[in-house]
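Peer 1: The structure file coords_27.csv (CSV, C-alpha atoms) is provided below.
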chain,number,residue,atom,x,y,z
A,231,MET,CA,-97.7,72.7,-27.9
A,232,THR,CA,-94.7,74.1,-29.7
A,233,HIS,CA,-95.1,77.3,-27.8
A,234,ARG,CA,-95.2,75.5,-24.5
A,235,ILE,CA,-91.9,73.7,-25.3
A,236,LEU,CA,-90.3,77.0,-26.4
A,237,TRP,CA,-91.4,78.7,-23.2
A,238,LEU,CA,-90.0,75.8,-21.1
A,239,LEU,CA,-86.7,76.1,-23.0
A,240,ALA,CA,-86.5,79.8,-22.5
A,241,ILE,CA,-87.2,79.5,-18.8
A,242,LEU,CA,-84.5,76.7,-18.5
A,243,ILE,CA,-81.9,78.9,-20.3
A,244,LEU,CA,-82.8,81.9,-18.2
A,245,ALA,CA,-82.6,80.0,-14.9
A,246,TYR,CA,-79.3,78.3,-15.8
A,247,PRO,CA,-77.2,80.8,-17.7
A,248,GLY,CA,-74.2,78.5,-17.1
A,249,ILE,CA,-75.4,75.5,-19.1
A,250,ASP,CA,-75.2,76.7,-22.6
A,251,ALA,CA,-71.8,76.2,-24.2
A,252,ARG,CA,-70.2,77.3,-21.0
A,253,ALA,CA,-68.9,73.8,-20.1
A,254,GLY,CA,-70.5,73.6,-16.7
A,255,GLY,CA,-70.0,77.3,-16.1
A,256,LYS,CA,-66.2,77.1,-16.2
A,257,THR,CA,-65.7,79.3,-19.2
A,258,LEU,CA,-65.2,83.0,-19.2
A,259,PRO,CA,-64.1,85.4,-21.9
A,260,PRO,CA,-60.3,85.6,-22.3
A,261,VAL,CA,-58.4,88.9,-22.6
A,262,ALA,CA,-59.2,90.1,-26.1
A,263,ASP,CA,-57.2,93.4,-26.1
A,264,PRO,CA,-53.7,92.9,-27.6
A,265,LEU,CA,-52.0,95.5,-25.4
A,266,VAL,CA,-53.5,93.9,-22.2
A,267,ALA,CA,-52.6,90.4,-23.4
A,268,ASN,CA,-49.0,91.4,-24.1
A,269,LEU,CA,-48.3,93.5,-21.0
A,270,CYS,CA,-49.9,91.1,-18.5
A,271,GLY,CA,-48.8,88.1,-20.5
A,272,GLU,CA,-45.2,89.0,-20.4
A,273,CYS,CA,-44.8,87.5,-16.9
A,274,HIS,CA,-47.9,85.4,-16.3
A,275,MET,CA,-51.1,84.2,-18.0
A,276,ALA,CA,-53.2,87.3,-18.8
A,277,PHE,CA,-56.0,86.4,-16.4
A,278,PRO,CA,-59.6,86.9,-17.7
A,279,PRO,CA,-60.8,90.1,-16.0
A,280,GLY,CA,-64.1,88.3,-15.1
A,281,PHE,CA,-62.3,86.5,-12.2
A,282,LEU,CA,-62.3,89.6,-10.1
A,283,PRO,CA,-64.7,92.6,-9.4
A,284,ALA,CA,-63.7,96.0,-10.9
A,285,ARG,CA,-62.6,97.4,-7.5
A,286,SER,CA,-60.0,94.6,-7.2
A,287,TRP,CA,-58.5,95.5,-10.6
A,288,THR,CA,-58.4,99.1,-9.6
A,289,ALA,CA,-56.5,98.1,-6.4
A,290,ILE,CA,-54.1,95.9,-8.3
A,291,MET,CA,-53.3,98.5,-10.9
A,292,ALA,CA,-52.7,101.1,-8.1
A,293,THR,CA,-50.0,99.0,-6.5
A,294,LEU,CA,-48.0,97.7,-9.5
A,295,ASP,CA,-44.8,98.8,-7.8
A,296,ASP,CA,-45.3,95.8,-5.4
A,297,HIS,CA,-47.2,93.4,-7.6
A,298,PHE,CA,-47.1,90.2,-5.5
A,299,GLY,CA,-43.5,91.0,-4.6
A,300,GLU,CA,-42.5,92.1,-8.1
A,301,ASP,CA,-42.0,95.7,-9.5
A,302,ALA,CA,-44.5,95.6,-12.4
A,303,THR,CA,-44.7,99.3,-12.9
A,304,LEU,CA,-46.0,100.4,-16.4
A,305,PRO,CA,-45.8,103.8,-18.1
A,306,GLY,CA,-48.8,105.9,-17.2
A,307,ASP,CA,-50.6,105.7,-20.5
A,308,GLN,CA,-50.3,101.9,-20.7
A,309,ALA,CA,-51.4,101.5,-17.0
A,310,ARG,CA,-54.5,103.5,-17.7
A,311,ALA,CA,-55.4,101.5,-20.8
A,312,VAL,CA,-54.9,98.2,-19.0
A,313,GLU,CA,-57.0,99.3,-16.0
A,314,ALA,CA,-59.8,100.6,-18.2
A,315,TYR,CA,-60.0,97.3,-20.0
A,316,LEU,CA,-59.9,95.2,-16.8
A,317,THR,CA,-62.5,97.2,-15.0
A,318,ASP,CA,-64.8,97.4,-18.1
A,319,HIS,CA,-64.7,93.6,-18.4
A,320,ALA,CA,-64.6,92.8,-14.6
A,321,GLY,CA,-66.7,90.1,-13.1
A,322,ASP,CA,-69.2,92.6,-11.7
A,323,ALA,CA,-69.2,94.9,-14.8
A,324,PRO,CA,-72.6,95.6,-16.4
A,325,GLY,CA,-73.2,92.7,-18.8
A,326,GLY,CA,-70.9,90.6,-16.7
A,327,GLY,CA,-67.7,89.1,-18.1
A,328,GLY,CA,-67.6,87.1,-14.9
A,329,LEU,CA,-68.2,83.6,-13.7
A,330,ARG,CA,-71.3,83.9,-11.6
A,331,GLU,CA,-70.0,81.2,-9.2
A,332,PHE,CA,-66.9,83.2,-8.6
A,333,MET,CA,-68.5,86.6,-8.0
A,334,ARG,CA,-71.0,85.0,-5.5
A,335,TRP,CA,-68.1,84.3,-3.1
A,336,VAL,CA,-66.7,87.8,-3.1
A,337,ALA,CA,-67.9,89.6,0.0
A,338,PRO,CA,-70.0,92.7,-0.7
A,339,GLY,CA,-67.4,95.5,-0.8
A,340,GLY,CA,-64.5,93.0,-0.5
A,341,VAL,CA,-61.4,93.7,-2.5
A,342,PRO,CA,-59.8,90.3,-3.2
A,343,ARG,CA,-56.4,90.4,-5.0
A,344,ARG,CA,-55.8,86.8,-5.5
A,345,ILE,CA,-58.1,84.7,-7.7
A,346,THR,CA,-56.8,81.7,-5.7
A,347,ASP,CA,-58.2,83.0,-2.4
A,348,ASN,CA,-61.7,82.6,-3.7
A,349,PRO,CA,-63.5,79.8,-1.8
A,350,ALA,CA,-64.9,78.7,-5.2
A,351,PHE,CA,-61.4,78.2,-6.5
A,352,LEU,CA,-60.3,76.4,-3.3
A,353,ARG,CA,-63.2,74.0,-3.5
A,354,GLU,CA,-62.5,73.1,-7.1
A,355,HIS,CA,-58.7,72.7,-6.5
A,356,ASP,CA,-58.6,70.6,-3.3
A,357,PHE,CA,-55.6,68.5,-4.4
A,358,PRO,CA,-52.9,66.8,-2.4
A,359,GLU,CA,-49.8,68.9,-2.0
A,360,ARG,CA,-47.8,66.7,-4.4
A,361,VAL,CA,-50.0,68.0,-7.3
A,362,TRP,CA,-49.0,71.6,-6.4
A,363,GLN,CA,-45.4,70.5,-6.1
A,364,ARG,CA,-45.2,69.4,-9.8
A,365,PRO,CA,-42.3,71.3,-11.4
A,366,GLU,CA,-44.5,72.8,-14.1
A,367,VAL,CA,-47.0,74.2,-11.7
A,368,VAL,CA,-44.7,76.5,-9.6
A,369,THR,CA,-47.6,78.5,-8.2
A,370,ARG,CA,-51.4,78.1,-7.8
A,371,SER,CA,-52.1,81.0,-10.2
A,372,ASN,CA,-50.4,79.1,-13.1
A,373,CYS,CA,-53.7,78.0,-14.7
A,374,PRO,CA,-52.2,76.9,-18.0
A,375,ALA,CA,-50.0,74.3,-16.3
A,376,CYS,CA,-53.1,72.0,-16.0
A,377,HIS,CA,-55.9,73.9,-18.0
A,378,ARG,CA,-54.6,73.4,-21.5
A,379,ARG,CA,-57.1,75.8,-23.0
A,380,ALA,CA,-56.9,78.5,-20.3
A,381,ASP,CA,-55.7,81.0,-22.8
A,382,ARG,CA,-59.0,80.7,-24.6
A,383,GLY,CA,-60.9,81.1,-21.3
A,384,LEU,CA,-61.8,77.4,-20.9
A,385,PHE,CA,-61.3,75.9,-17.5
A,386,ASP,CA,-63.4,72.8,-17.7
A,387,ASP,CA,-60.5,70.3,-18.0
B,64,MET,CA,-55.5,79.4,-45.2
B,65,THR,CA,-54.6,79.8,-41.6
B,66,ARG,CA,-51.7,77.5,-42.1
B,67,LEU,CA,-50.6,79.5,-45.1
B,68,ALA,CA,-50.8,82.7,-43.1
B,69,ALA,CA,-48.7,81.1,-40.3
B,70,ALA,CA,-46.1,79.9,-42.8
B,71,ALA,CA,-45.9,83.4,-44.4
B,72,LEU,CA,-45.5,85.0,-41.0
B,73,LEU,CA,-42.8,82.5,-40.0
B,74,ALA,CA,-41.0,83.1,-43.2
B,75,LEU,CA,-41.2,86.9,-42.5
B,76,VAL,CA,-40.0,86.5,-38.9
B,77,LEU,CA,-37.1,84.3,-39.9
B,78,SER,CA,-36.2,86.1,-43.2
B,79,PRO,CA,-32.6,87.3,-43.5
B,80,ALA,CA,-33.9,90.9,-43.7
B,81,THR,CA,-35.8,90.6,-40.4
B,82,LEU,CA,-32.9,89.0,-38.7
B,83,ALA,CA,-30.5,91.7,-40.1
B,84,ALA,CA,-32.9,94.4,-38.8
B,85,ALA,CA,-33.0,92.8,-35.3
B,86,ASP,CA,-29.1,92.7,-35.5
B,87,GLY,CA,-29.0,96.3,-36.4
B,88,GLN,CA,-31.2,97.3,-33.5
B,89,GLN,CA,-29.2,95.1,-31.1
B,90,ALA,CA,-26.0,96.9,-32.3
B,91,ALA,CA,-27.7,100.3,-31.7
B,92,ILE,CA,-28.7,99.2,-28.1
B,93,LEU,CA,-25.2,98.1,-27.4
B,94,ASP,CA,-23.8,101.4,-28.7
B,95,ALA,CA,-26.1,103.3,-26.4
B,96,TYR,CA,-24.9,101.2,-23.4
B,97,ALA,CA,-21.3,101.7,-24.5
B,98,ALA,CA,-21.8,105.5,-24.5
B,99,LYS,CA,-23.2,105.3,-20.9
B,100,ALA,CA,-20.4,103.0,-19.8
B,101,ARG,CA,-17.8,105.4,-21.1
B,102,ALA,CA,-19.5,108.3,-19.4
B,103,ALA,CA,-19.5,106.4,-16.1
B,104,ASP,CA,-15.9,105.1,-16.5
B,105,PRO,CA,-13.5,106.7,-18.9
B,106,ALA,CA,-11.3,103.6,-18.7
B,107,PHE,CA,-14.1,101.5,-20.3
B,108,THR,CA,-12.7,99.7,-23.3
B,109,GLY,CA,-15.6,97.5,-24.4
B,110,PHE,CA,-18.0,94.8,-23.4
B,111,SER,CA,-17.1,91.3,-22.6
B,112,ALA,CA,-19.0,88.1,-23.3
B,113,ALA,CA,-17.0,86.3,-20.5
B,114,ARG,CA,-18.0,88.9,-17.9
B,115,GLY,CA,-21.6,88.6,-19.2
B,116,GLU,CA,-21.5,84.8,-18.7
B,117,ALA,CA,-20.1,85.2,-15.2
B,118,LEU,CA,-22.9,87.6,-14.4
B,119,PHE,CA,-25.5,85.2,-15.9
B,120,ARG,CA,-24.2,82.2,-13.9
B,121,ARG,CA,-23.4,83.8,-10.5
B,122,GLU,CA,-25.6,83.1,-7.5
B,123,TRP,CA,-26.4,86.6,-6.4
B,124,ASN,CA,-28.9,85.9,-3.7
B,125,GLY,CA,-29.5,89.6,-3.7
B,126,GLY,CA,-33.2,90.1,-4.5
B,127,ASP,CA,-36.2,87.8,-4.5
B,128,PRO,CA,-35.4,84.5,-2.8
B,129,ARG,CA,-37.1,82.7,-5.7
B,130,THR,CA,-34.6,84.1,-8.2
B,131,PRO,CA,-31.1,83.9,-6.7
B,132,ALA,CA,-29.6,83.8,-10.2
B,133,CYS,CA,-30.5,84.5,-13.8
B,134,THR,CA,-30.4,80.7,-14.3
B,135,SER,CA,-33.3,80.3,-11.8
B,136,CYS,CA,-35.6,81.2,-14.7
B,137,HIS,CA,-33.5,80.9,-17.8
B,138,THR,CA,-31.8,77.5,-16.9
B,139,ALA,CA,-28.0,77.0,-17.2
B,140,ASN,CA,-28.3,76.7,-20.9
B,141,PRO,CA,-29.4,80.0,-22.5
B,142,LYS,CA,-30.3,78.2,-25.7
B,143,GLN,CA,-33.0,76.3,-23.9
B,144,PRO,CA,-36.4,77.7,-23.0
B,145,GLY,CA,-36.9,78.6,-19.4
B,146,ARG,CA,-39.7,79.0,-16.9
B,147,ASN,CA,-40.6,82.0,-14.7
B,148,ALA,CA,-39.7,80.9,-11.2
B,149,LYS,CA,-42.5,83.0,-9.7
B,150,THR,CA,-45.4,82.4,-12.1
B,151,GLY,CA,-44.5,79.2,-13.9
B,152,ARG,CA,-44.9,80.8,-17.3
B,153,PRO,CA,-42.7,79.3,-20.0
B,154,ILE,CA,-39.9,81.7,-21.2
B,155,ASP,CA,-38.3,81.8,-24.7
B,156,PRO,CA,-34.6,81.1,-24.7
B,157,ALA,CA,-32.4,84.1,-23.7
B,158,ALA,CA,-29.8,83.3,-26.5
B,159,ALA,CA,-30.0,85.7,-29.4
B,160,SER,CA,-29.6,82.9,-31.9
B,161,ALA,CA,-32.9,81.4,-30.6
B,162,SER,CA,-34.8,84.6,-29.8
B,163,PRO,CA,-33.3,87.4,-32.0
B,164,GLU,CA,-36.3,89.7,-31.3
B,165,ARG,CA,-35.4,89.7,-27.6
B,166,TYR,CA,-32.7,92.4,-28.0
B,167,ALA,CA,-34.4,94.4,-30.7
B,168,ASP,CA,-36.6,96.8,-28.8
B,169,PRO,CA,-34.7,99.3,-26.5
B,170,GLY,CA,-37.7,100.0,-24.4
B,171,LYS,CA,-38.4,96.3,-23.8
B,172,VAL,CA,-34.7,95.6,-23.1
B,173,GLU,CA,-34.6,98.4,-20.5
B,174,LYS,CA,-37.8,97.2,-18.9
B,175,HIS,CA,-36.5,93.6,-18.5
B,176,PHE,CA,-33.2,94.8,-17.1
B,177,SER,CA,-34.8,97.0,-14.5
B,178,ARG,CA,-37.2,94.3,-13.3
B,179,ASP,CA,-34.9,91.3,-13.5
B,180,CYS,CA,-31.8,93.0,-12.0
B,181,LYS,CA,-33.8,94.1,-9.0
B,182,SER,CA,-35.2,90.6,-8.7
B,183,VAL,CA,-31.9,88.7,-9.0
B,184,LEU,CA,-29.1,91.1,-7.9
B,185,GLY,CA,-31.3,93.2,-5.6
B,186,ARG,CA,-30.1,96.4,-7.4
B,187,ASP,CA,-30.0,98.0,-10.8
B,188,CYS,CA,-27.5,96.7,-13.3
B,189,THR,CA,-24.9,99.1,-14.6
B,190,ALA,CA,-24.5,100.0,-18.3
B,191,ILE,CA,-21.4,97.8,-18.4
B,192,GLU,CA,-23.3,94.8,-17.0
B,193,ARG,CA,-26.2,95.4,-19.4
B,194,GLY,CA,-23.8,95.5,-22.4
B,195,ASP,CA,-21.8,92.5,-21.1
B,196,HIS,CA,-25.1,90.5,-20.8
B,197,ILE,CA,-26.2,91.3,-24.3
B,198,THR,CA,-22.7,90.6,-25.7
B,199,PHE,CA,-22.7,87.2,-24.0
B,200,MET,CA,-26.2,86.3,-25.3
B,201,ALA,CA,-25.4,87.6,-28.8
B,202,GLY,CA,-22.8,84.9,-29.1
B,203,GLN,CA,-25.1,82.2,-27.8
Could you write out this structure as structure tokens?
Peer 2:
Amino acid sequence: MTHRILWLLAILILAYPGIDARAGGKTLPPVADPLVANLCGECHMAFPPGFLPARSWTAIMATLDDHFGEDATLPGDQARAVEAYLTDHAGDAPGGGGLREFMRWVAPGGVPRRITDNPAFLREHDFPERVWQRPEVVTRSNCPACHRRADRGLFDD
Amino acid sequence: MTRLAAAALLALVLSPATLAAADGQQAAILDAYAAKARAADPAFTGFSAARGEALFRREWNGGDPRTPACTSCHTANPKQPGRNAKTGRPIDPAAASASPERYADPGKVEKHFSRDCKSVLGRDCTAIERGDHITFMAGQ
């Protein structure tokens, strides 16, 4: 009897990897490397690498001189270290730092650059324009404006 | 324990020795800009807080339309925290009295000038402009 319950539990957990302690699947590991946290976090929240596949991070790091309109060039050694961390912990990395729901929406071979272009993001953030116009928001990629624990990788609020 | 560690860290950050060290590094950064300014213009006599303030408050409209002036992110009061006009990230005050560590690392200072000048003025800042800016912020 006990065995049967354990099996059932195991199957449930395997079938729904998003249910345990992941707050409805809206949790993903934050950047844990101090260099990456500092360099990316100087201008914007250091986004969890699990938001994008590795090929996206490679593309972003190859075009830092025009980083969404900003020159975000880094010295070569720093750029290499950041890229290695981001691709190692990307949403499609072995072991997966990623949010399953997010990766599902990325076209096979697609190279998205904006987390906010993901249909999974758009569906969860279907707000009236006045919400986006709040002064503290500024841009759709400013997660911590509303998600108070975004720096810890928690996006369930 | 965590609170104790935080208090110790804060005490260290704000200790007179740490502030004096930041001051010393700030002076060294200004000296380096002064040497460059003299090399570019033999008539250079020194940096000016008033020129620095004018630079800070001017509407340049030269670079990114989201940042026509320094005040677009840093607000008109350098002692107040600001907000990155592109990303929404909160920014520590630009005034040296509020953020002494801001002008302590030459590499960081150069990096911020090269990015922000392009973004606001649409060009690099000269050594005189860099020194004037720091001189203005040092008195704030």
Peer 1: Which is closest to chain A among B:Thr150, B:Ser162, B:Gln203, B:Ser177, if we use all atoms listed in the file?
Peer 2: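 Closest to chain A, using all atoms listed in the file: B:Thr150.
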Peer 1: Would you compute the distance between atom CA of Val172 of chain B and atom CA of Ala314 of chain A? Give it in Å to one decimal.
Peer 2: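 These two atoms are separated by 26.1 Å.
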Peer 1: For atom CA of Ala350 of chain A and atom CA of Ala311 of chain A, determine how far apart the two atoms are, in Å to one decimal place.
Peer 2: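 That distance, rounded to one decimal, is 29.2 Å.
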Peer 1: Using only C-alpha atoms, which chain B residues lie at most 10 Å away from chain A, written as a ChimeraX atom specification?
Peer 2: /B:127,146-154,174,177-179,181-182
Peer 1: Env of Phe107 of chain B: 10 Å cut, atoms = all atoms listed in the file, seq-sep filter 6 positions within chain, self excluded. Answer as a short mmCIF file (atom, residue, chain, number, x, y, z; two decimals) with C-alpha atoms, in the frame of the given file.
Peer 2:
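Generated output (result26.cif):
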data_model
loop_
_atom_site.label_atom_id
_atom_site.label_comp_id
_atom_site.auth_asym_id
_atom_site.auth_seq_id
_atom_site.Cartn_x
_atom_site.Cartn_y
_atom_site.Cartn_z
CA ALA B 97 -21.30 101.70 -24.50
CA ALA B 98 -21.80 105.50 -24.50
CA LYS B 99 -23.20 105.30 -20.90
CA ALA B 100 -20.40 103.00 -19.80
CA ARG B 101 -17.80 105.40 -21.10
CA ILE B 191 -21.40 97.80 -18.40
#
Peer 1: Pick the closest to Gly339 of chain A from A:Arg378, A:His297, A:Arg285, A:Arg360: which is it, counting all atoms listed in the file?
Peer 2: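 Once distances to Gly339 of chain A are computed over all atoms listed in the file, the minimum belongs to A:Arg285.
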Peer 1: One decimal, Å: what's the distance from atom CA of Thr134 of chain B over to atom CA of Gln363 of chain A, could you say?
Peer 2: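 Rounded to one decimal, the two atoms are 19.9 Å apart.
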Peer 1: Write out as a list in words which residues come within 8 Å of Gly185 of chain B when counting all atoms listed in the file, dropping same-chain ones fewer than 6 positions away.
Peer 2: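 Returned residues: Asn124, Gly125, Gly126 and Asp127 of chain B.
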Peer 1: Counting all atoms listed in the file, what is within 12 Å of Ala139 of chain B, bar same-chain residues fewer than 2 positions away, as a PyMOL selection string?
Peer 2: chain B and resi 116-117+119-122+132-137+141-146+156-158
Peer 1: Would you be able to write out as number ranges by chain which residues have an atom within 10 Å of (-26.3, 96.4, -20.5) in the file's coordinates, counting only C-alpha atoms?
Peer 2: B: 92-97, 99-100, 110, 115, 172-173, 176, 188-198
Peer 1: Kindly provide the residues of segment 286-310 of chain A that approach segment 276-281 of chain A to within 12 Å, each paired with its closest atom pair and their distance in Å to one decimal, based on only C-alpha atoms, listed by chain and increasing number, as JSON lines.
Peer 2:
{"residue": "A:Ser286", "atom": "CA", "partner": "A:Phe281", "partner_atom": "CA", "distance": 9.8}
{"residue": "A:Trp287", "atom": "CA", "partner": "A:Pro279", "partner_atom": "CA", "distance": 8.0}
{"residue": "A:Thr288", "atom": "CA", "partner": "A:Pro279", "partner_atom": "CA", "distance": 11.3}
{"residue": "A:Ile290", "atom": "CA", "partner": "A:Pro279", "partner_atom": "CA", "distance": 11.7}
Peer 1: Restricting the calculation to all atoms listed in the file, which member of A:Tyr315, A:Pro283, A:Asp356, A:Asp307 is positioned closest to Arg334 of chain A?
Peer 2: A:Pro283
Peer 1: I'd like the neighbourhood of Val336 of chain A as a list in words, where a residue qualifies if any of its atoms comes within 9 Å (using only C-alpha atoms), though same-chain residues fewer than 6 positions away should be ignored.
Peer 2: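 What passes the distance filter is Leu282, Pro283, Pro342, Asn348 and Pro349 of chain A.
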Peer 1: Generate the output file for the selected residues, C-alpha atoms, as a tab-separated table (two decimals), in the coordinates of the input.
Peer 2:
chain	number	residue	atom	x	y	z
A	282	LEU	CA	-62.30	89.60	-10.10
A	283	PRO	CA	-64.70	92.60	-9.40
A	342	PRO	CA	-59.80	90.30	-3.20
A	348	ASN	CA	-61.70	82.60	-3.70
A	349	PRO	CA	-63.50	79.80	-1.80
Peer 1: Smallest atom-to-atom distance to Leu265 of chain A: which of A:Val312, A:Met333, A:Val361, A:Leu384, using only C-alpha atoms?
Peer 2: A:Val312
